[in-house]
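For reference, protein.cif is printed below; it contains mmCIF, C-alpha atoms and all ligand atoms.
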data_entry
#
loop_
_atom_site.label_atom_id
_atom_site.label_comp_id
_atom_site.auth_asym_id
_atom_site.auth_seq_id
_atom_site.Cartn_x
_atom_site.Cartn_y
_atom_site.Cartn_z
CA GLU A 89 -15.78 21.95 9.54
CA VAL A 90 -13.99 25.25 8.93
CA TRP A 91 -10.71 26.50 10.40
CA ASN A 92 -9.51 30.10 10.09
CA PRO A 93 -12.58 31.33 8.16
CA SER A 94 -10.91 34.59 7.10
CA GLY A 95 -7.82 32.88 5.61
CA LYS A 96 -6.73 34.12 2.19
CA TYR A 97 -6.31 30.70 0.53
CA ARG A 98 -9.14 28.20 0.53
CA VAL A 99 -7.95 24.62 1.00
CA VAL A 100 -10.47 21.80 1.00
CA SER A 101 -9.86 18.37 2.50
CA THR A 102 -12.34 15.79 1.27
CA LYS A 103 -11.93 13.82 4.51
CA SER A 104 -11.06 14.43 8.10
CA MET A 105 -7.42 13.32 8.60
CA PRO A 106 -5.57 12.23 11.76
CA GLY A 107 -3.83 14.77 13.98
CA THR A 108 -4.00 18.56 13.97
CA ARG A 109 -0.49 19.39 12.75
CA TRP A 110 -1.64 19.52 9.13
CA ILE A 111 -4.43 22.00 10.00
CA ASP A 112 -2.00 24.10 12.02
CA LEU A 113 0.45 24.28 9.15
CA LEU A 114 -2.19 25.47 6.71
CA VAL A 115 -3.77 27.95 9.13
CA ARG A 116 -0.36 29.51 9.94
CA GLN A 117 0.13 30.05 6.23
CA ASP A 118 -3.09 32.06 5.93
CA CYS A 119 -5.29 29.24 4.65
CA ARG A 120 -8.96 28.78 5.36
CA VAL A 121 -9.26 25.03 5.85
CA GLU A 122 -12.53 23.31 5.05
CA ILE A 123 -12.92 19.67 6.00
CA CYS A 124 -15.76 17.70 4.47
CA THR A 125 -17.88 16.06 7.15
CA GLU A 126 -20.02 14.00 4.75
CA LYS A 127 -20.64 10.59 6.34
CA LYS A 128 -20.42 8.41 3.24
CA THR A 129 -17.00 6.83 2.80
CA ILE A 130 -16.53 7.27 -0.94
CA LEU A 131 -17.31 10.67 -2.43
CA SER A 132 -18.57 10.89 -6.01
CA VAL A 133 -17.20 13.29 -8.61
CA GLU A 134 -20.36 15.40 -8.13
CA ASP A 135 -19.83 15.54 -4.36
CA ILE A 136 -16.29 16.78 -4.89
CA ILE A 137 -17.31 19.38 -7.49
CA ALA A 138 -19.72 20.78 -4.90
CA LEU A 139 -16.89 20.92 -2.35
CA ILE A 140 -14.56 22.72 -4.75
CA GLY A 141 -17.16 25.44 -5.36
CA ASN A 142 -16.24 28.71 -7.11
CA LYS A 143 -12.98 29.46 -5.36
CA CYS A 144 -10.55 26.83 -4.22
CA ASP A 145 -6.75 27.07 -4.13
CA GLY A 146 -5.97 23.48 -3.32
CA VAL A 147 -7.55 20.16 -2.44
CA ILE A 148 -6.33 17.32 -0.26
CA GLY A 149 -8.06 14.18 -1.51
CA GLN A 150 -8.14 10.45 -0.98
CA LEU A 151 -7.28 7.33 -2.97
CA THR A 152 -10.98 6.38 -3.12
CA GLU A 153 -11.70 9.39 -5.37
CA ASP A 154 -11.53 9.51 -9.12
CA TRP A 155 -9.35 12.52 -9.94
CA GLY A 156 -9.67 12.80 -13.70
CA ASP A 157 -10.42 15.48 -16.27
CA THR A 158 -13.78 16.51 -14.77
CA LEU A 159 -12.40 17.27 -11.33
CA PHE A 160 -9.22 18.94 -12.51
CA SER A 161 -11.26 21.11 -14.87
CA ALA A 162 -13.53 22.13 -11.95
CA LEU A 163 -10.53 22.80 -9.70
CA SER A 164 -8.82 24.85 -12.35
CA LYS A 165 -11.96 26.96 -12.92
CA ALA A 166 -12.03 27.63 -9.18
CA GLY A 167 -8.44 28.92 -9.38
CA GLY A 168 -6.87 25.77 -7.92
CA LYS A 169 -3.14 25.16 -8.20
CA ALA A 170 -2.60 21.96 -6.26
CA PHE A 171 -4.11 18.55 -5.68
CA SER A 172 -2.57 16.48 -2.93
CA ASN A 173 -3.39 12.78 -2.73
CA MET A 174 -3.14 11.49 0.85
CA ALA A 175 -1.46 8.28 -0.34
CA VAL A 176 1.79 7.22 -1.91
CA GLY A 177 -0.08 5.48 -4.75
CA TYR A 178 -1.73 7.81 -7.24
CA ASN A 179 -3.38 5.43 -9.70
CA ASN A 180 -6.64 7.27 -8.89
CA VAL A 181 -5.15 10.47 -10.31
CA ASP A 182 -4.85 11.34 -13.99
CA VAL A 183 -1.59 13.28 -13.75
CA ASP A 184 -1.74 14.22 -17.46
CA ALA A 185 -5.15 15.83 -16.96
CA ALA A 186 -3.83 17.71 -13.92
CA THR A 187 -0.85 18.93 -15.91
CA LYS A 188 -3.15 20.04 -18.75
CA TYR A 189 -4.97 22.32 -16.30
CA GLY A 190 -1.74 23.53 -14.68
CA ILE A 191 -2.44 21.75 -11.42
CA ALA A 192 0.40 20.13 -9.48
CA VAL A 193 -0.14 16.70 -7.97
CA GLY A 194 1.40 15.62 -4.67
CA ASN A 195 1.60 12.24 -2.97
CA THR A 196 2.95 11.03 0.38
CA PRO A 197 5.92 8.67 0.02
CA GLY A 198 8.41 7.87 2.76
CA VAL A 199 6.28 8.29 5.87
CA LEU A 200 4.41 5.06 5.20
CA THR A 201 7.29 2.83 4.11
CA GLU A 202 7.94 0.99 7.37
CA THR A 203 4.28 0.84 8.42
CA THR A 204 3.26 -0.73 5.12
CA ALA A 205 6.20 -3.13 5.19
CA GLU A 206 5.24 -4.12 8.75
CA LEU A 207 1.73 -5.06 7.61
CA ALA A 208 3.14 -7.14 4.74
CA ALA A 209 5.40 -8.86 7.28
CA SER A 210 2.45 -9.37 9.67
CA LEU A 211 0.38 -10.97 6.91
CA SER A 212 3.34 -13.17 5.96
CA LEU A 213 3.65 -14.44 9.53
CA ALA A 214 -0.10 -14.78 10.01
CA ALA A 215 -0.41 -16.78 6.80
CA SER A 216 2.59 -19.01 7.43
CA ARG A 217 1.49 -19.86 10.99
CA ARG A 218 -2.25 -19.91 10.18
CA ILE A 219 -2.95 -17.44 12.97
CA VAL A 220 -6.36 -16.25 11.76
CA GLU A 221 -7.65 -19.78 11.20
CA ALA A 222 -6.38 -20.83 14.63
CA ASP A 223 -7.97 -17.79 16.28
CA GLY A 224 -11.34 -18.64 14.67
CA PHE A 225 -10.97 -22.22 15.91
CA MET A 226 -10.43 -21.07 19.50
CA ARG A 227 -13.31 -18.60 19.43
CA ALA A 228 -15.60 -21.29 18.06
CA GLY A 229 -14.83 -23.39 21.14
CA LEU A 230 -13.31 -26.18 19.05
CA TYR A 231 -10.04 -26.56 20.95
CA ASP A 232 -10.11 -29.71 23.03
CA GLY A 233 -6.41 -30.29 23.58
CA TRP A 234 -2.94 -30.18 22.01
CA LEU A 235 -2.45 -32.36 18.94
CA PRO A 236 0.68 -32.98 16.83
CA HIS A 237 -1.14 -32.00 13.64
CA LEU A 238 -3.08 -29.02 14.91
CA PHE A 239 -2.58 -25.95 12.67
CA VAL A 240 0.80 -26.97 11.41
CA GLY A 241 2.23 -24.22 9.21
CA ASN A 242 5.63 -23.30 7.76
CA LEU A 243 8.89 -22.17 9.33
CA LEU A 244 10.12 -19.03 7.58
CA LYS A 245 13.78 -19.40 8.61
CA GLY A 246 15.83 -20.67 5.70
CA GLN A 247 12.97 -20.25 3.21
CA THR A 248 13.07 -17.78 0.35
CA VAL A 249 11.21 -14.51 0.35
CA GLY A 250 10.33 -13.19 -3.09
CA VAL A 251 9.79 -9.49 -3.62
CA ILE A 252 8.20 -8.16 -6.79
CA GLY A 253 8.92 -4.46 -6.92
CA ALA A 254 11.92 -3.68 -4.71
CA GLY A 255 11.33 0.04 -4.23
CA ARG A 256 11.05 1.74 -0.86
CA ILE A 257 8.33 -0.51 0.60
CA GLY A 258 9.43 -3.75 -1.07
CA SER A 259 12.99 -3.23 0.17
CA ALA A 260 11.87 -2.40 3.73
CA TYR A 261 9.73 -5.55 3.76
CA ALA A 262 12.62 -7.65 2.42
CA ARG A 263 14.93 -6.34 5.16
CA MET A 264 12.38 -7.22 7.84
CA MET A 265 11.99 -10.76 6.55
CA ILE A 266 15.73 -11.28 6.11
CA GLU A 267 16.84 -9.78 9.40
CA GLY A 268 13.85 -10.96 11.41
CA PHE A 269 13.52 -14.48 10.07
CA LYS A 270 16.79 -15.21 8.27
CA MET A 271 15.10 -15.76 4.94
CA ASN A 272 16.95 -15.82 1.64
CA LEU A 273 15.95 -13.21 -0.92
CA ILE A 274 15.00 -13.32 -4.56
CA TYR A 275 13.66 -10.12 -6.08
CA TYR A 276 12.42 -8.82 -9.37
CA ASP A 277 12.52 -5.16 -10.31
CA LEU A 278 13.32 -3.18 -13.42
CA TYR A 279 15.93 -1.36 -11.36
CA GLN A 280 18.70 -2.85 -9.29
CA ALA A 281 18.04 -2.59 -5.53
CA THR A 282 21.67 -1.80 -4.69
CA ARG A 283 21.15 -0.79 -1.05
CA LEU A 284 19.09 -3.90 -0.39
CA GLU A 285 21.73 -6.11 -2.02
CA LYS A 286 24.46 -4.50 0.11
CA PHE A 287 22.39 -5.08 3.22
CA VAL A 288 21.80 -8.78 2.50
CA THR A 289 25.47 -9.29 1.65
CA ALA A 290 26.62 -7.64 4.89
CA TYR A 291 24.02 -9.47 6.94
CA GLY A 292 25.01 -12.77 5.34
CA GLN A 293 28.65 -12.10 6.27
CA PHE A 294 27.64 -11.26 9.81
CA LEU A 295 25.70 -14.53 10.14
CA LYS A 296 28.62 -16.48 8.73
CA ALA A 297 31.03 -14.82 11.15
CA SER A 298 28.67 -15.76 13.99
CA GLY A 299 28.78 -19.38 12.90
CA GLU A 300 25.28 -19.34 11.43
CA GLN A 301 24.03 -20.26 7.99
CA PRO A 302 24.41 -17.10 5.87
CA VAL A 303 21.44 -15.72 3.95
CA THR A 304 21.68 -15.34 0.18
CA TRP A 305 20.18 -12.98 -2.38
CA LYS A 306 19.49 -13.05 -6.07
CA ARG A 307 18.11 -10.49 -8.52
CA ALA A 308 15.83 -12.54 -10.78
CA SER A 309 16.03 -12.00 -14.51
CA SER A 310 12.30 -12.62 -14.86
CA MET A 311 9.28 -12.42 -12.63
CA ASP A 312 8.56 -16.10 -13.23
CA GLU A 313 11.86 -16.98 -11.58
CA VAL A 314 10.59 -15.37 -8.37
CA LEU A 315 7.22 -17.10 -8.66
CA GLN A 316 8.86 -20.49 -9.11
CA GLN A 317 11.52 -20.18 -6.42
CA ALA A 318 10.05 -18.16 -3.57
CA ASP A 319 8.13 -19.55 -0.63
CA VAL A 320 6.64 -16.21 0.37
CA ILE A 321 5.97 -13.67 -2.38
CA SER A 322 5.11 -10.07 -1.63
CA LEU A 323 3.85 -7.69 -4.32
CA HIS A 324 5.03 -4.07 -4.28
CA PRO A 325 4.69 -2.63 -7.78
CA ILE A 326 2.77 0.52 -8.61
CA LEU A 327 -0.52 -0.02 -10.42
CA ASP A 328 -0.54 1.02 -14.05
CA LYS A 329 -1.38 -0.58 -17.40
CA THR A 330 1.70 -2.77 -17.22
CA THR A 331 0.96 -4.20 -13.78
CA TYR A 332 -2.81 -4.73 -14.12
CA HIS A 333 -3.44 -8.46 -13.43
CA LEU A 334 0.28 -9.03 -13.15
CA ILE A 335 -0.65 -12.09 -11.11
CA ASN A 336 -3.09 -14.06 -13.23
CA LYS A 337 -4.13 -17.70 -13.58
CA GLU A 338 -1.01 -18.67 -15.49
CA ARG A 339 1.36 -16.97 -13.05
CA LEU A 340 -0.44 -18.43 -10.03
CA SER A 341 0.08 -21.88 -11.50
CA LYS A 342 3.85 -21.25 -11.55
CA MET A 343 4.04 -20.71 -7.80
CA LYS A 344 4.83 -23.48 -5.33
CA LYS A 345 1.77 -25.38 -4.08
CA GLU A 346 2.49 -24.22 -0.52
CA ALA A 347 3.53 -20.69 -1.41
CA ILE A 348 2.23 -17.61 0.39
CA LEU A 349 1.21 -14.56 -1.64
CA ILE A 350 0.97 -11.14 0.00
CA ASN A 351 -0.54 -8.05 -1.60
CA CYS A 352 -0.31 -4.66 0.08
CA SER A 353 0.07 -2.74 -3.18
CA ARG A 354 -3.10 -2.30 -5.23
CA GLY A 355 -5.91 -4.83 -5.74
CA PRO A 356 -5.99 -4.92 -9.55
CA VAL A 357 -2.37 -6.15 -9.60
CA VAL A 358 -3.95 -9.56 -8.88
CA ASP A 359 -6.72 -11.17 -10.93
CA GLU A 360 -8.93 -11.83 -7.92
CA GLU A 361 -11.26 -14.25 -9.69
CA ALA A 362 -8.30 -16.40 -10.75
CA LEU A 363 -6.97 -16.16 -7.21
CA VAL A 364 -10.21 -17.48 -5.68
CA GLU A 365 -10.12 -20.46 -8.07
CA HIS A 366 -6.48 -21.08 -7.23
CA LEU A 367 -7.20 -20.98 -3.48
CA LYS A 368 -10.06 -23.45 -3.93
CA HIS A 369 -7.91 -25.98 -5.75
CA ASN A 370 -4.76 -25.50 -3.69
CA PRO A 371 -5.65 -25.61 0.01
CA MET A 372 -2.01 -25.34 1.08
CA PHE A 373 -1.52 -22.13 -0.90
CA ARG A 374 -2.14 -19.09 1.29
CA VAL A 375 -2.75 -15.47 0.68
CA GLY A 376 -2.70 -12.29 2.75
CA LEU A 377 -4.55 -9.40 1.14
CA ASP A 378 -4.77 -5.79 2.22
CA VAL A 379 -6.15 -4.58 -1.11
CA PHE A 380 -8.86 -5.79 -3.50
CA GLU A 381 -9.64 -5.49 -7.14
CA ASP A 382 -12.86 -3.57 -6.71
CA GLU A 383 -12.74 -2.03 -3.24
CA PRO A 384 -14.67 -2.10 -1.01
CA TYR A 385 -15.92 -5.38 -2.49
CA MET A 386 -14.32 -8.81 -2.54
CA LYS A 387 -14.86 -11.33 -5.29
CA PRO A 388 -17.45 -13.97 -4.37
CA GLY A 389 -15.95 -16.86 -2.49
CA LEU A 390 -12.84 -15.07 -1.25
CA ALA A 391 -14.18 -14.45 2.26
CA ASP A 392 -15.08 -18.16 2.59
CA MET A 393 -11.57 -19.40 1.92
CA PRO A 394 -9.79 -20.56 5.09
CA ASN A 395 -6.45 -20.10 3.31
CA ALA A 396 -7.05 -16.38 2.76
CA ILE A 397 -6.47 -13.55 5.24
CA VAL A 398 -8.22 -10.34 4.29
CA VAL A 399 -7.87 -6.92 5.90
CA PRO A 400 -9.40 -3.59 4.80
CA HIS A 401 -6.56 -1.63 3.17
CA ILE A 402 -4.85 -0.78 6.47
CA ALA A 403 -1.19 -1.11 5.49
CA SER A 404 -0.39 2.52 6.33
CA ALA A 405 -2.69 2.61 9.34
CA SER A 406 -0.37 3.51 12.20
CA LYS A 407 -1.01 6.74 14.10
CA TRP A 408 2.47 8.13 13.39
CA THR A 409 2.20 7.35 9.69
CA ARG A 410 -1.30 8.65 9.13
CA GLU A 411 -0.42 11.92 10.88
CA GLY A 412 2.72 12.10 8.75
CA MET A 413 0.72 11.50 5.58
CA ALA A 414 -1.70 14.27 6.51
CA THR A 415 1.16 16.66 7.25
CA LEU A 416 2.91 15.81 4.01
CA ALA A 417 -0.33 16.24 2.08
CA ALA A 418 -0.73 19.73 3.57
CA LEU A 419 2.89 20.61 2.78
CA ASN A 420 2.37 19.55 -0.81
CA VAL A 421 -0.55 21.93 -1.16
CA LEU A 422 1.43 24.75 0.44
CA GLY A 423 4.33 23.98 -1.88
CA LYS A 424 2.23 25.06 -4.81
CA ILE A 425 -0.07 27.73 -3.50
CA LYS A 426 2.60 29.53 -1.43
CA GLU A 427 5.93 28.25 -2.75
CA TYR A 428 6.38 26.73 0.71
CA PRO A 429 9.23 24.15 0.78
CA THR A 430 7.58 20.87 -0.12
CA TRP A 431 8.68 17.28 0.33
CA SER A 432 7.03 15.43 -2.44
CA ASN A 433 5.55 16.20 -5.79
CA PRO A 434 5.80 13.55 -8.49
CA ASN A 435 5.01 15.84 -11.42
CA ALA A 436 6.82 18.95 -10.17
C1 LIG B 501 -1.12 4.41 -0.23
O1 LIG B 501 -0.62 5.33 0.41
O2 LIG B 501 -1.04 4.34 -1.45
C2 LIG B 501 -1.82 3.33 0.54
O3 LIG B 501 -2.51 2.47 -0.25
C3 LIG B 501 -2.69 3.91 1.63
O4 LIG B 501 -1.84 4.38 2.58
#
Go ahead and express the file in the form of structure tokens.
Ligand code: DGY
Amino acid sequence: EVWNPSGKYRVVSTKSMPGTRWIDLLVRQDCRVEICTEKKTILSVEDIIALIGNKCDGVIGQLTEDWGDTLFSALSKAGGKAFSNMAVGYNNVDVDAATKYGIAVGNTPGVLTETTAELAASLSLAASRRIVEADGFMRAGLYDGWLPHLFVGNLLKGQTVGVIGAGRIGSAYARMMIEGFKMNLIYYDLYQATRLEKFVTAYGQFLKASGEQPVTWKRASSMDEVLQQADVISLHPILDKTTYHLINKERLSKMKKEAILINCSRGPVVDEEALVEHLKHNPMFRVGLDVFEDEPYMKPGLADMPNAIVVPHIASASKWTREGMATLAALNVLGKIKEYPTWSNPNA
């Protein structure tokens, strides 16, 4: 699909993206926009080299693509100046290789913060109240009347939410769980989440003044402290060498038997094989996963576990957010090829 065929700058998008604002922006800035219409979901390096062709000023790509030396070399040979990842995470991008070829890398933070946090909160609720299991039970025609023990789960109020990685998304999630369900907070991050701490303190004071039990917060001095003390643990670190298999067999064994683990960050942060074993041996332990170690696959056994909720990497999937991500991705390309004011560029 081609927009503005006579445009001066050639910008390739490896996927069709929601909305038209991003196309409009590029076209108004004299870009010829080419959108790949290939049906297969994940494009190979060869597919993308063919898309780049001989002349390409910038590419908007996806987190499913492997942007390493080969692609940046091809983009640089085609005269490219910018690569814009339509995602906040950029573990699929070798930023050093991009820099070597003089190509700027953009990502899309901010517009997906609340949407992603909302999915983490949804998974937390769904896991604690066993909503997916109960839904399957109804659809299977198994419900034959109310019972005192039927799908008994946990009450979040008064429990402790643990956040590992209290950046933008982790903090937004924490706020939702604290304000929405009056949970106490324990978090672990290399940096102090000052704004989050101020919020919990003020909210705790408000509850106290209203005659309610105040909520508390604590910055843990180690990750293990969070694992041992929290009832619901949500993972929000970036994926790099230091966070690969951050949650492994040993760390899983430190969590409470009835804990809930949520992952809306990146799959390899959790050792999925160890997780499946843990779920098998701890039926009261529950997990809500949006991401997987080797997407689009799941480790054998995971889909059979009644104590696991699995969804296909949809944390940022709200219309407003996806259109915002597409717009931001286009702005990032323009920021480099036309010095257009840009919002986000981690290696600028
Ligand atoms: C991201 O942006 O990194 C998410 O995984 C997809 O929105």
Taking all atoms listed in the file into account, list the residues no farther than 12 Å from ligand LIG 501 (chain B), as a VMD selection string. chain A and resid 149 to 152 172 to 181 194 to 205 207 257 324 to 327 351 to 355 378 to 380 383 400 to 407 409 to 414 416 to 417
Those residues with C-alpha atoms, as a CSV table (one decimal), in the coordinates of the input please?
chain,number,residue,atom,x,y,z
A,149,GLY,CA,-8.1,14.2,-1.5
A,150,GLN,CA,-8.1,10.4,-1.0
A,151,LEU,CA,-7.3,7.3,-3.0
A,152,THR,CA,-11.0,6.4,-3.1
A,172,SER,CA,-2.6,16.5,-2.9
A,173,ASN,CA,-3.4,12.8,-2.7
A,174,MET,CA,-3.1,11.5,0.8
A,175,ALA,CA,-1.5,8.3,-0.3
A,176,VAL,CA,1.8,7.2,-1.9
A,177,GLY,CA,-0.1,5.5,-4.8
A,178,TYR,CA,-1.7,7.8,-7.2
A,179,ASN,CA,-3.4,5.4,-9.7
A,180,ASN,CA,-6.6,7.3,-8.9
A,181,VAL,CA,-5.2,10.5,-10.3
A,194,GLY,CA,1.4,15.6,-4.7
A,195,ASN,CA,1.6,12.2,-3.0
A,196,THR,CA,3.0,11.0,0.4
A,197,PRO,CA,5.9,8.7,0.0
A,198,GLY,CA,8.4,7.9,2.8
A,199,VAL,CA,6.3,8.3,5.9
A,200,LEU,CA,4.4,5.1,5.2
A,201,THR,CA,7.3,2.8,4.1
A,202,GLU,CA,7.9,1.0,7.4
A,203,THR,CA,4.3,0.8,8.4
A,204,THR,CA,3.3,-0.7,5.1
A,205,ALA,CA,6.2,-3.1,5.2
A,207,LEU,CA,1.7,-5.1,7.6
A,257,ILE,CA,8.3,-0.5,0.6
A,324,HIS,CA,5.0,-4.1,-4.3
A,325,PRO,CA,4.7,-2.6,-7.8
A,326,ILE,CA,2.8,0.5,-8.6
A,327,LEU,CA,-0.5,0.0,-10.4
A,351,ASN,CA,-0.5,-8.0,-1.6
A,352,CYS,CA,-0.3,-4.7,0.1
A,353,SER,CA,0.1,-2.7,-3.2
A,354,ARG,CA,-3.1,-2.3,-5.2
A,355,GLY,CA,-5.9,-4.8,-5.7
A,378,ASP,CA,-4.8,-5.8,2.2
A,379,VAL,CA,-6.2,-4.6,-1.1
A,380,PHE,CA,-8.9,-5.8,-3.5
A,383,GLU,CA,-12.7,-2.0,-3.2
A,400,PRO,CA,-9.4,-3.6,4.8
A,401,HIS,CA,-6.6,-1.6,3.2
A,402,ILE,CA,-4.8,-0.8,6.5
A,403,ALA,CA,-1.2,-1.1,5.5
A,404,SER,CA,-0.4,2.5,6.3
A,405,ALA,CA,-2.7,2.6,9.3
A,406,SER,CA,-0.4,3.5,12.2
A,407,LYS,CA,-1.0,6.7,14.1
A,409,THR,CA,2.2,7.4,9.7
A,410,ARG,CA,-1.3,8.6,9.1
A,411,GLU,CA,-0.4,11.9,10.9
A,412,GLY,CA,2.7,12.1,8.8
A,413,MET,CA,0.7,11.5,5.6
A,414,ALA,CA,-1.7,14.3,6.5
A,416,LEU,CA,2.9,15.8,4.0
A,417,ALA,CA,-0.3,16.2,2.1
Find the residue from A:Gly95, A:Gly156, A:Pro394, A:Gly141 that sits nearest to Phe373 (chain A); use only C-alpha atoms when measuring.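 Counting only C-alpha atoms, the residue closest to Phe373 (chain A) is A:Pro394.
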Pick out the closest residue to Trp110 (chain A) from this set: A:Asn420, A:Gln316, A:Ser298, A:Ser212. Count only C-alpha atoms.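 Result for the nearest residue to Trp110 (chain A): A:Asn420.
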Kindly indicate which residue among A:Ala281, A:Ala308, A:Met372, A:Ile252 lies nearest to Ile335 (chain A), using all atoms listed in the file for the distances.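 Residue with the minimum atom-to-atom distance to Ile335 (chain A): A:Ile252.
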Restrict the calculation to only C-alpha atoms, then for each residue of region 198-231 of chain A with any atom at most 7 Å from an atom of region 261-265 of chain A give the closest atom pair and their distance in Å to one decimal, rows by chain and rising residue number, as a tab-separated table.
residue	atom	partner	partner_atom	distance
A:Ala205	CA	A:Tyr261	CA	4.5
A:Glu206	CA	A:Tyr261	CA	6.9
A:Ala208	CA	A:Tyr261	CA	6.8
A:Ala209	CA	A:Tyr261	CA	6.5
Kindly extract all protein, DNA and RNA residues lying within 9 Å of the coordinates (6.5, -15.3, -18.9) given in the file, considering only C-alpha atoms, and supply them as a ChimeraX atom specification. /A:310-312,338-339
Which one is closest to Leu367 (chain A): A:Met386, A:Asn395, A:Ile348, A:Lys165? Count all atoms listed in the file. A:Asn395
Best match for closeness to Asp118 (chain A) among A:Gly389, A:Asn92, A:Lys143, A:Ile137, counting only C-alpha atoms: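 Using only C-alpha atoms, Asp118 (chain A) sits closest to A:Asn92.
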CA of Gly146 (chain A) and CA of Gly167 (chain A), how far apart in Å? 8.5 Å
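CA of Leu114 (chain A) is found 6.7 Å from CA of Ala418 (chain A).
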Can you measure CA of Val133 (chain A) to CA of Val183 (chain A) for me? One decimal in Å is fine.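 Computing it gives 16.4 Å between the two atoms.
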Please work out which residues fall within 12 Å of (17.6, -12.1, -12.1), coordinates as given in the file, with only C-alpha atoms counting, and return them as a PDB file with C-alpha atoms, in the coordinates of the input.
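result18.pdb was written with the following content:
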ATOM      1  CA  GLY A 250      10.330 -13.190  -3.090  1.00  0.00           C
ATOM      2  CA  VAL A 251       9.790  -9.490  -3.620  1.00  0.00           C
ATOM      3  CA  ILE A 252       8.200  -8.160  -6.790  1.00  0.00           C
ATOM      4  CA  LEU A 273      15.950 -13.210  -0.920  1.00  0.00           C
ATOM      5  CA  ILE A 274      15.000 -13.320  -4.560  1.00  0.00           C
ATOM      6  CA  TYR A 275      13.660 -10.120  -6.080  1.00  0.00           C
ATOM      7  CA  TYR A 276      12.420  -8.820  -9.370  1.00  0.00           C
ATOM      8  CA  ASP A 277      12.520  -5.160 -10.310  1.00  0.00           C
ATOM      9  CA  LEU A 278      13.320  -3.180 -13.420  1.00  0.00           C
ATOM     10  CA  TYR A 279      15.930  -1.360 -11.360  1.00  0.00           C
ATOM     11  CA  GLN A 280      18.700  -2.850  -9.290  1.00  0.00           C
ATOM     12  CA  ALA A 281      18.040  -2.590  -5.530  1.00  0.00           C
ATOM     13  CA  TRP A 305      20.180 -12.980  -2.380  1.00  0.00           C
ATOM     14  CA  LYS A 306      19.490 -13.050  -6.070  1.00  0.00           C
ATOM     15  CA  ARG A 307      18.110 -10.490  -8.520  1.00  0.00           C
ATOM     16  CA  ALA A 308      15.830 -12.540 -10.780  1.00  0.00           C
ATOM     17  CA  SER A 309      16.030 -12.000 -14.510  1.00  0.00           C
ATOM     18  CA  SER A 310      12.300 -12.620 -14.860  1.00  0.00           C
ATOM     19  CA  MET A 311       9.280 -12.420 -12.630  1.00  0.00           C
ATOM     20  CA  ASP A 312       8.560 -16.100 -13.230  1.00  0.00           C
ATOM     21  CA  GLU A 313      11.860 -16.980 -11.580  1.00  0.00           C
ATOM     22  CA  VAL A 314      10.590 -15.370  -8.370  1.00  0.00           C
ATOM     23  CA  GLN A 317      11.520 -20.180  -6.420  1.00  0.00           C
TER      24      GLN A 317
END
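Candidate residues A:His366, A:Phe239, A:Leu323, A:Ile397 were compared for distance to Asn336 (chain A), and the nearest is A:His366, using only C-alpha atoms.
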Which residues come within 10 Å of Lys96 (chain A), counting only C-alpha atoms, excluding same-chain residues fewer than 5 positions away, as a list in words? Val115, Gln117, Asp118, Cys119, Arg120 and Asp145 of chain A
Within 7 Å of Pro356 (chain A), counting only C-alpha atoms, which residues show up once you throw out same-chain ones fewer than 5 positions away? Write them as a PDB file with C-alpha atoms, in the frame of the given file, please.
ATOM      1  CA  TYR A 332      -2.810  -4.730 -14.120  1.00  0.00           C
ATOM      2  CA  HIS A 333      -3.440  -8.460 -13.430  1.00  0.00           C
ATOM      3  CA  PHE A 380      -8.860  -5.790  -3.500  1.00  0.00           C
ATOM      4  CA  GLU A 381      -9.640  -5.490  -7.140  1.00  0.00           C
TER       5      GLU A 381
END
Set the distance at 9 Å and use only C-alpha atoms: which residues neighbour Lys169 (chain A) once local chain neighbours fewer than 3 positions away are removed? I'd like the list as a list of chain:residue names.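 In the requested format, the answer is A:Cys144, A:Asp145, A:Gly146, A:Val147, A:Leu163, A:Ser164, A:Tyr189, A:Gly190, A:Ile191, A:Ala192, A:Val193, A:Val421, A:Lys424, A:Ile425.
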